[in-house]
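The file final_17.pdb contains PDB, C-alpha atoms, pLDDT in the B column:
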```pdb
MODEL        1
ATOM      1  CA  MET Z   1     -22.099 -11.314 -11.128  1.00 47.00           C
ATOM      2  CA  HIS Z   2     -21.676  -8.084 -13.053  1.00 62.00           C
ATOM      3  CA  ALA Z   3     -19.220  -7.418 -15.828  1.00 64.00           C
ATOM      4  CA  LEU Z   4     -16.280  -5.117 -15.276  1.00 71.00           C
ATOM      5  CA  THR Z   5     -16.798  -1.636 -16.634  1.00 83.00           C
ATOM      6  CA  ILE Z   6     -14.171   0.565 -18.233  1.00 83.00           C
ATOM      7  CA  SER Z   7     -14.092   2.563 -15.014  1.00 84.00           C
ATOM      8  CA  ASP Z   8     -13.341  -0.586 -12.977  1.00 87.00           C
ATOM      9  CA  LEU Z   9     -10.555  -1.534 -15.366  1.00 90.00           C
ATOM     10  CA  VAL Z  10      -8.984   1.916 -15.204  1.00 90.00           C
ATOM     11  CA  ARG Z  11      -9.145   1.932 -11.401  1.00 92.00           C
ATOM     12  CA  THR Z  12      -7.540  -1.521 -11.268  1.00 94.00           C
ATOM     13  CA  LEU Z  13      -4.743  -0.308 -13.544  1.00 95.00           C
ATOM     14  CA  LEU Z  14      -4.249   2.739 -11.313  1.00 96.00           C
ATOM     15  CA  ILE Z  15      -3.909   0.502  -8.240  1.00 97.00           C
ATOM     16  CA  LEU Z  16      -1.388  -1.705 -10.054  1.00 97.00           C
ATOM     17  CA  ALA Z  17       0.599   1.352 -11.156  1.00 97.00           C
ATOM     18  CA  LEU Z  18       0.659   2.740  -7.604  1.00 98.00           C
ATOM     19  CA  VAL Z  19       1.768  -0.609  -6.163  1.00 98.00           C
ATOM     20  CA  TYR Z  20       4.524  -0.824  -8.790  1.00 97.00           C
ATOM     21  CA  LEU Z  21       5.674   2.738  -8.040  1.00 97.00           C
ATOM     22  CA  ALA Z  22       5.776   1.929  -4.318  1.00 96.00           C
ATOM     23  CA  TYR Z  23       7.904  -1.136  -5.064  1.00 97.00           C
ATOM     24  CA  ILE Z  24      10.300   0.851  -7.271  1.00 97.00           C
ATOM     25  CA  ASP Z  25      10.669   3.570  -4.643  1.00 95.00           C
ATOM     26  CA  LEU Z  26      11.327   1.038  -1.877  1.00 91.00           C
ATOM     27  CA  ARG Z  27      14.065  -0.588  -3.969  1.00 93.00           C
ATOM     28  CA  THR Z  28      15.697   2.456  -5.591  1.00 94.00           C
ATOM     29  CA  PHE Z  29      14.533   5.617  -3.752  1.00 92.00           C
ATOM     30  CA  ARG Z  30      13.351   6.846  -7.167  1.00 94.00           C
ATOM     31  CA  LEU Z  31       9.967   7.450  -8.750  1.00 96.00           C
ATOM     32  CA  PRO Z  32      10.673   7.517 -12.486  1.00 96.00           C
ATOM     33  CA  ASP Z  33       9.226  10.253 -14.686  1.00 96.00           C
ATOM     34  CA  ALA Z  34       8.412   7.531 -17.219  1.00 96.00           C
ATOM     35  CA  MET Z  35       5.728   6.341 -14.774  1.00 96.00           C
ATOM     36  CA  THR Z  36       4.633   9.439 -12.852  1.00 97.00           C
ATOM     37  CA  ILE Z  37       4.099  11.817 -15.779  1.00 97.00           C
ATOM     38  CA  PRO Z  38       1.876   9.406 -17.755  1.00 97.00           C
ATOM     39  CA  ILE Z  39      -0.166   8.792 -14.588  1.00 97.00           C
ATOM     40  CA  ILE Z  40      -0.685  12.560 -14.255  1.00 98.00           C
ATOM     41  CA  ALA Z  41      -1.782  12.754 -17.901  1.00 97.00           C
ATOM     42  CA  ALA Z  42      -4.041   9.707 -17.570  1.00 96.00           C
ATOM     43  CA  GLY Z  43      -5.738  11.196 -14.497  1.00 96.00           C
ATOM     44  CA  LEU Z  44      -6.434  14.423 -16.341  1.00 97.00           C
ATOM     45  CA  VAL Z  45      -7.770  12.576 -19.398  1.00 95.00           C
ATOM     46  CA  PHE Z  46      -9.897  10.254 -17.249  1.00 93.00           C
ATOM     47  CA  ASN Z  47     -11.437  13.200 -15.396  1.00 95.00           C
ATOM     48  CA  TYR Z  48     -12.058  15.087 -18.636  1.00 95.00           C
ATOM     49  CA  PHE Z  49     -14.992  12.737 -19.259  1.00 89.00           C
ATOM     50  CA  PRO Z  50     -17.690  13.552 -16.690  1.00 82.00           C
ATOM     51  CA  ASN Z  51     -19.344  10.135 -16.866  1.00 82.00           C
ATOM     52  CA  LEU Z  52     -16.063   8.319 -16.078  1.00 81.00           C
ATOM     53  CA  GLY Z  53     -14.146  10.742 -13.905  1.00 84.00           C
ATOM     54  CA  LEU Z  54     -13.660  10.727 -10.170  1.00 89.00           C
ATOM     55  CA  THR Z  55     -13.812  14.524  -9.968  1.00 93.00           C
ATOM     56  CA  SER Z  56     -14.403  17.492 -12.228  1.00 94.00           C
ATOM     57  CA  PHE Z  57     -11.781  18.368 -14.801  1.00 96.00           C
ATOM     58  CA  PRO Z  58     -10.995  21.803 -13.273  1.00 96.00           C
ATOM     59  CA  ASN Z  59     -10.635  20.160  -9.847  1.00 97.00           C
ATOM     60  CA  ALA Z  60      -8.268  17.581 -11.370  1.00 97.00           C
ATOM     61  CA  ILE Z  61      -6.120  20.320 -12.932  1.00 98.00           C
ATOM     62  CA  ALA Z  62      -6.007  22.217  -9.627  1.00 98.00           C
ATOM     63  CA  GLY Z  63      -5.164  19.003  -7.764  1.00 98.00           C
ATOM     64  CA  ALA Z  64      -2.301  18.161 -10.113  1.00 98.00           C
ATOM     65  CA  PHE Z  65      -0.862  21.663 -10.013  1.00 98.00           C
ATOM     66  CA  LEU Z  66      -1.192  22.233  -6.282  1.00 98.00           C
ATOM     67  CA  GLY Z  67      -0.134  18.679  -5.400  1.00 97.00           C
ATOM     68  CA  TYR Z  68       3.174  19.245  -7.164  1.00 97.00           C
ATOM     69  CA  ALA Z  69       3.518  22.832  -5.947  1.00 97.00           C
ATOM     70  CA  PHE Z  70       2.949  21.890  -2.295  1.00 96.00           C
ATOM     71  CA  LEU Z  71       5.764  19.330  -2.100  1.00 95.00           C
ATOM     72  CA  TRP Z  72       8.000  21.472  -4.322  1.00 96.00           C
ATOM     73  CA  GLY Z  73       7.452  24.378  -1.903  1.00 96.00           C
ATOM     74  CA  LEU Z  74       8.170  22.228   1.146  1.00 94.00           C
ATOM     75  CA  ASN Z  75      11.380  21.024  -0.474  1.00 94.00           C
ATOM     76  CA  PHE Z  76      12.324  24.593  -1.425  1.00 95.00           C
ATOM     77  CA  ILE Z  77      11.971  25.760   2.186  1.00 95.00           C
ATOM     78  CA  TYR Z  78      13.824  22.729   3.540  1.00 92.00           C
ATOM     79  CA  ARG Z  79      16.641  23.159   0.992  1.00 93.00           C
ATOM     80  CA  TRP Z  80      16.916  26.841   1.874  1.00 94.00           C
ATOM     81  CA  ALA Z  81      17.129  26.056   5.616  1.00 94.00           C
ATOM     82  CA  LYS Z  82      19.214  22.872   5.561  1.00 90.00           C
ATOM     83  CA  LYS Z  83      21.140  23.170   2.266  1.00 89.00           C
ATOM     84  CA  GLN Z  84      19.916  19.741   1.118  1.00 87.00           C
ATOM     85  CA  ASN Z  85      16.762  18.272  -0.378  1.00 87.00           C
ATOM     86  CA  GLY Z  86      14.148  16.974   2.021  1.00 84.00           C
ATOM     87  CA  VAL Z  87      11.548  15.668  -0.431  1.00 87.00           C
ATOM     88  CA  GLY Z  88      12.225  14.125  -3.792  1.00 87.00           C
ATOM     89  CA  MET Z  89      10.582  15.621  -6.849  1.00 94.00           C
ATOM     90  CA  GLY Z  90       9.338  12.136  -7.736  1.00 95.00           C
ATOM     91  CA  ASP Z  91       7.191  12.366  -4.611  1.00 96.00           C
ATOM     92  CA  ALA Z  92       5.902  15.750  -5.810  1.00 97.00           C
ATOM     93  CA  LYS Z  93       5.017  14.248  -9.190  1.00 97.00           C
ATOM     94  CA  LEU Z  94       3.280  11.320  -7.504  1.00 98.00           C
ATOM     95  CA  LEU Z  95       1.210  13.724  -5.392  1.00 98.00           C
ATOM     96  CA  ALA Z  96       0.440  15.654  -8.587  1.00 98.00           C
ATOM     97  CA  ALA Z  97      -0.751  12.389 -10.144  1.00 98.00           C
ATOM     98  CA  LEU Z  98      -2.986  11.695  -7.157  1.00 98.00           C
ATOM     99  CA  GLY Z  99      -4.316  15.241  -7.413  1.00 98.00           C
ATOM    100  CA  ALA Z 100      -5.018  14.706 -11.117  1.00 98.00           C
ATOM    101  CA  TRP Z 101      -6.999  11.552 -10.325  1.00 97.00           C
ATOM    102  CA  PHE Z 102      -8.842  12.592  -7.162  1.00 96.00           C
ATOM    103  CA  GLY Z 103      -8.873  16.389  -7.300  1.00 96.00           C
ATOM    104  CA  LEU Z 104      -7.768  19.155  -5.017  1.00 96.00           C
ATOM    105  CA  SER Z 105     -10.230  18.328  -2.238  1.00 92.00           C
ATOM    106  CA  ALA Z 106      -8.705  14.859  -1.743  1.00 94.00           C
ATOM    107  CA  LEU Z 107      -5.132  16.094  -1.261  1.00 95.00           C
ATOM    108  CA  PRO Z 108      -5.372  17.010   2.469  1.00 92.00           C
ATOM    109  CA  GLY Z 109      -6.653  13.526   3.341  1.00 91.00           C
ATOM    110  CA  ILE Z 110      -4.061  11.853   1.137  1.00 94.00           C
ATOM    111  CA  LEU Z 111      -1.280  13.896   2.722  1.00 94.00           C
ATOM    112  CA  LEU Z 112      -2.553  13.166   6.231  1.00 91.00           C
ATOM    113  CA  VAL Z 113      -2.712   9.404   5.668  1.00 92.00           C
ATOM    114  CA  ALA Z 114       0.677   9.399   3.887  1.00 94.00           C
ATOM    115  CA  SER Z 115       2.301  11.519   6.601  1.00 92.00           C
ATOM    116  CA  ILE Z 116       1.030   9.481   9.546  1.00 91.00           C
ATOM    117  CA  SER Z 117       1.804   6.159   7.885  1.00 91.00           C
ATOM    118  CA  GLY Z 118       5.138   7.583   6.682  1.00 90.00           C
ATOM    119  CA  LEU Z 119       6.089   8.634  10.192  1.00 90.00           C
ATOM    120  CA  LEU Z 120       5.315   5.222  11.643  1.00 91.00           C
ATOM    121  CA  GLY Z 121       6.563   3.263   8.643  1.00 87.00           C
ATOM    122  CA  GLY Z 122       9.662   5.414   8.355  1.00 83.00           C
ATOM    123  CA  LEU Z 123      10.648   4.707  11.941  1.00 85.00           C
ATOM    124  CA  ILE Z 124      10.166   0.981  11.336  1.00 86.00           C
ATOM    125  CA  TRP Z 125      12.122   1.228   8.043  1.00 77.00           C
ATOM    126  CA  LEU Z 126      15.041   3.042   9.694  1.00 80.00           C
ATOM    127  CA  ARG Z 127      15.137   0.563  12.571  1.00 82.00           C
ATOM    128  CA  TYR Z 128      14.980  -2.416  10.178  1.00 83.00           C
ATOM    129  CA  GLN Z 129      17.738  -0.901   8.029  1.00 79.00           C
ATOM    130  CA  LYS Z 130      19.756  -0.092  11.196  1.00 80.00           C
ATOM    131  CA  GLN Z 131      20.044   3.584  10.246  1.00 77.00           C
ATOM    132  CA  SER Z 132      19.842   6.772  12.264  1.00 72.00           C
ATOM    133  CA  ILE Z 133      16.770   8.951  12.568  1.00 72.00           C
ATOM    134  CA  ARG Z 134      18.400  11.445  10.181  1.00 71.00           C
ATOM    135  CA  SER Z 135      18.672   8.931   7.361  1.00 71.00           C
ATOM    136  CA  ALA Z 136      16.418   9.164   4.325  1.00 76.00           C
ATOM    137  CA  PHE Z 137      13.587   6.750   3.638  1.00 81.00           C
ATOM    138  CA  PRO Z 138      11.230   6.541   0.655  1.00 88.00           C
ATOM    139  CA  PHE Z 139       7.972   8.492   1.002  1.00 92.00           C
ATOM    140  CA  GLY Z 140       6.450   7.324  -2.298  1.00 94.00           C
ATOM    141  CA  PRO Z 141       5.096   4.041  -0.926  1.00 95.00           C
ATOM    142  CA  PHE Z 142       3.123   5.924   1.711  1.00 95.00           C
ATOM    143  CA  LEU Z 143       1.717   8.305  -0.907  1.00 97.00           C
ATOM    144  CA  ALA Z 144       0.797   5.300  -3.053  1.00 97.00           C
ATOM    145  CA  VAL Z 145      -1.004   3.553  -0.167  1.00 95.00           C
ATOM    146  CA  ALA Z 146      -2.843   6.780   0.674  1.00 95.00           C
ATOM    147  CA  GLY Z 147      -3.886   7.058  -2.981  1.00 96.00           C
ATOM    148  CA  ILE Z 148      -5.196   3.492  -2.992  1.00 95.00           C
ATOM    149  CA  ILE Z 149      -7.140   4.178   0.209  1.00 93.00           C
ATOM    150  CA  GLU Z 150      -8.638   7.299  -1.397  1.00 93.00           C
ATOM    151  CA  LEU Z 151      -9.603   5.305  -4.486  1.00 93.00           C
ATOM    152  CA  LEU Z 152     -11.237   2.461  -2.571  1.00 90.00           C
ATOM    153  CA  TRP Z 153     -12.742   4.493   0.302  1.00 85.00           C
ATOM    154  CA  PRO Z 154     -13.094   8.106  -0.889  1.00 82.00           C
ATOM    155  CA  GLN Z 155     -13.005  10.835   1.729  1.00 71.00           C
ATOM    156  CA  ILE Z 156     -12.915   8.268   4.555  1.00 68.00           C
ATOM    157  CA  LEU Z 157     -11.123  10.588   6.995  1.00 66.00           C
ATOM    158  CA  GLN Z 158     -13.474  13.505   6.443  1.00 66.00           C
ATOM    159  CA  THR Z 159     -16.492  11.230   6.881  1.00 70.00           C
ATOM    160  CA  TRP Z 160     -15.070   9.663  10.017  1.00 67.00           C
ATOM    161  CA  PHE Z 161     -14.187  13.007  11.610  1.00 62.00           C
ATOM    162  CA  LEU Z 162     -17.593  14.482  10.774  1.00 63.00           C
ATOM    163  CA  ASN Z 163     -19.408  11.495  12.241  1.00 72.00           C
ATOM    164  CA  ASN Z 164     -17.155  11.243  15.326  1.00 69.00           C
ATOM    165  CA  PRO Z 165     -16.384  14.734  16.584  1.00 66.00           C
ATOM    166  CA  ILE Z 166     -13.662  14.952  19.166  1.00 62.00           C
TER     167      ILE Z 166
ENDMDL
END
```

Would you write the structure of this file as structure tokens?
Amino acid sequence: MHALTISDLVRTLLILALVYLAYIDLRTFRLPDAMTIPIIAAGLVFNYFPNLGLTSFPNAIAGAFLGYAFLWGLNFIYRWAKKQNGVGMGDAKLLAALGAWFGLSALPGILLVASISGLLGGLIWLRYQKQSIRSAFPFGPFLAVAGIIELLWPQILQTWFLNNPI
């Protein structure tokens, strides 16, 4: 049996933080800045050290910036069209955190997994809560699960699609 490394400990803490954020979002429809911003910072610091990091530091910075900007932009367009928010900025900060940890190249896979599971899970959530299809549901738990999948099985979708062309 091998001893846990610092990297293993940090990854375990990241999983626990993502599970806790998912729980908070399910209960309150909020992802607190007190959790998301330190996770962004920790991802950037972790990836600053090449021997520990999951991606390069520049890729982590790009992932954090573009992760936030993507969901902010989607919300901006939705708010312009519908006159109400469609995505919470806590979700944007959580995607920024995942980008800081896994880098820009992981964001499409994370968003795909979160979107598909969010669509299916959201329909189940709305039915369980006896709400209409237009009601809001928390997206953070699906982002958190997608982040955990990316941590445990990196680039699984890209590998699967490359090995199993349609």

Using all atoms listed in the file: which of Z:Gly73, Z:Gly88, Z:Pro108, Z:Gly43 has the shortest distance to Gly140 in chain Z: Z:Gly88

Output of the PyMOL selection byres ((chain Z and resi 65) around 10), listed as a list in words: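 That selection, the PyMOL selection byres ((chain Z and resi 65) around 10), comes back as Asn59, Ala60, Ile61, Ala62, Gly63, Ala64, Leu66, Gly67, Tyr68, Ala69, Phe70, Ala92, Lys93, Leu95, Ala96, Ala97, Gly99, Ala100, Gly103 and Leu104 of chain Z.
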
Selection export as a PDB file, in the coordinates of the input, atoms kept: C-alpha atoms:
```
ATOM      1  CA  ASN Z  59     -10.635  20.160  -9.847  1.00 97.00           C
ATOM      2  CA  ALA Z  60      -8.268  17.581 -11.370  1.00 97.00           C
ATOM      3  CA  ILE Z  61      -6.120  20.320 -12.932  1.00 98.00           C
ATOM      4  CA  ALA Z  62      -6.007  22.217  -9.627  1.00 98.00           C
ATOM      5  CA  GLY Z  63      -5.164  19.003  -7.764  1.00 98.00           C
ATOM      6  CA  ALA Z  64      -2.301  18.161 -10.113  1.00 98.00           C
ATOM      7  CA  LEU Z  66      -1.192  22.233  -6.282  1.00 98.00           C
ATOM      8  CA  GLY Z  67      -0.134  18.679  -5.400  1.00 97.00           C
ATOM      9  CA  TYR Z  68       3.174  19.245  -7.164  1.00 97.00           C
ATOM     10  CA  ALA Z  69       3.518  22.832  -5.947  1.00 97.00           C
ATOM     11  CA  PHE Z  70       2.949  21.890  -2.295  1.00 96.00           C
ATOM     12  CA  ALA Z  92       5.902  15.750  -5.810  1.00 97.00           C
ATOM     13  CA  LYS Z  93       5.017  14.248  -9.190  1.00 97.00           C
ATOM     14  CA  LEU Z  95       1.210  13.724  -5.392  1.00 98.00           C
ATOM     15  CA  ALA Z  96       0.440  15.654  -8.587  1.00 98.00           C
ATOM     16  CA  ALA Z  97      -0.751  12.389 -10.144  1.00 98.00           C
ATOM     17  CA  GLY Z  99      -4.316  15.241  -7.413  1.00 98.00           C
ATOM     18  CA  ALA Z 100      -5.018  14.706 -11.117  1.00 98.00           C
ATOM     19  CA  GLY Z 103      -8.873  16.389  -7.300  1.00 96.00           C
ATOM     20  CA  LEU Z 104      -7.768  19.155  -5.017  1.00 96.00           C
TER      21      LEU Z 104
END
```

Selection under test: the PyMOL selection byres ((chain Z and resi 7-9) around 12); residues as a short mmCIF file (atom, residue, chain, number, x, y, z; two decimals) with C-alpha atoms, in the coordinates of the input:
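Final output, part.cif:
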```
data_model
loop_
_atom_site.label_atom_id
_atom_site.label_comp_id
_atom_site.auth_asym_id
_atom_site.auth_seq_id
_atom_site.Cartn_x
_atom_site.Cartn_y
_atom_site.Cartn_z
CA HIS Z 2 -21.68 -8.08 -13.05
CA ALA Z 3 -19.22 -7.42 -15.83
CA LEU Z 4 -16.28 -5.12 -15.28
CA THR Z 5 -16.80 -1.64 -16.63
CA ILE Z 6 -14.17 0.56 -18.23
CA VAL Z 10 -8.98 1.92 -15.20
CA ARG Z 11 -9.14 1.93 -11.40
CA THR Z 12 -7.54 -1.52 -11.27
CA LEU Z 13 -4.74 -0.31 -13.54
CA LEU Z 14 -4.25 2.74 -11.31
CA ILE Z 15 -3.91 0.50 -8.24
CA LEU Z 16 -1.39 -1.70 -10.05
CA PHE Z 46 -9.90 10.25 -17.25
CA ASN Z 47 -11.44 13.20 -15.40
CA PHE Z 49 -14.99 12.74 -19.26
CA PRO Z 50 -17.69 13.55 -16.69
CA ASN Z 51 -19.34 10.14 -16.87
CA LEU Z 52 -16.06 8.32 -16.08
CA GLY Z 53 -14.15 10.74 -13.90
CA LEU Z 54 -13.66 10.73 -10.17
CA LEU Z 151 -9.60 5.30 -4.49
CA LEU Z 152 -11.24 2.46 -2.57
#
```

Selection dump of the PyMOL selection byres ((chain Z and resi 17) around 12), as a PyMOL selection string: chain Z and resi 10-16+18-24+31-32+34-40+42+94+97-98+141+144-145+147-148

Long-range neighbours of Gly86 in chain Z as a VMD selection string, 12 Å cut-off, only C-alpha atoms, 3 positions minimum in chain: chain Z and resid 71 to 83 89 to 92 134 to 139

Computed interatomic separation between CA of Val87 in chain Z and CA of Phe142 in chain Z (Å):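 Calculated distance between CA of Val87 in chain Z and CA of Phe142 in chain Z is 13.1 Å.
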
At a cut-off of 8 Å, using only C-alpha atoms, what residues contact Leu111 in chain Z? Leave out same-chain residues fewer than 3 positions from it and give the result as an mmCIF file with C-alpha atoms, in the frame of the given file.
```cif
data_model
loop_
_atom_site.group_PDB
_atom_site.id
_atom_site.type_symbol
_atom_site.label_atom_id
_atom_site.label_comp_id
_atom_site.auth_asym_id
_atom_site.auth_seq_id
_atom_site.Cartn_x
_atom_site.Cartn_y
_atom_site.Cartn_z
ATOM 1 C CA LEU Z 107 -5.132 16.094 -1.261
ATOM 2 C CA PRO Z 108 -5.372 17.010 2.469
ATOM 3 C CA ALA Z 114 0.677 9.399 3.887
ATOM 4 C CA SER Z 115 2.301 11.519 6.601
ATOM 5 C CA LEU Z 143 1.717 8.305 -0.907
ATOM 6 C CA ALA Z 146 -2.843 6.780 0.674
#
```

CA of Ile110 in chain Z to CA of Gly122 in chain Z, distance in Å rounded to a single decimal: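 Separating CA of Ile110 in chain Z from CA of Gly122 in chain Z is a distance of 16.8 Å.
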
Computed interatomic separation between CA of Thr55 in chain Z and CA of Arg30 in chain Z (Å):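 Between CA of Thr55 in chain Z and CA of Arg30 in chain Z the gap is 28.4 Å.
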
Extract, using only C-alpha atoms, all DNA, RNA and protein residues at most 9 Å from Pro154 in chain Z, discarding same-chain residues fewer than 4 positions from it, and format them as a PDB file with C-alpha atoms, in the frame of the given file.
```pdb
ATOM      1  CA  PHE Z 102      -8.842  12.592  -7.162  1.00 96.00           C
ATOM      2  CA  ALA Z 106      -8.705  14.859  -1.743  1.00 94.00           C
ATOM      3  CA  ILE Z 149      -7.140   4.178   0.209  1.00 93.00           C
ATOM      4  CA  GLU Z 150      -8.638   7.299  -1.397  1.00 93.00           C
TER       5      GLU Z 150
END
```

Return as lines of an AutoDock Vina configuration file the box centre and box size in Å, one decimal, for an axis-aligned box around all listed atoms of range 37-55 of chain Z padded by 6 Å per side.
```
center_x = -7.6
center_y = 11.7
center_z = -14.7
size_x = 35.4
size_y = 18.8
size_z = 21.4
```

Which residue of Z:Leu126, Z:Val113, Z:Leu120, Z:Val45 approaches Trp101 in chain Z most closely, using all atoms listed in the file: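 Under the stated criterion, the closest residue is Z:Val45.
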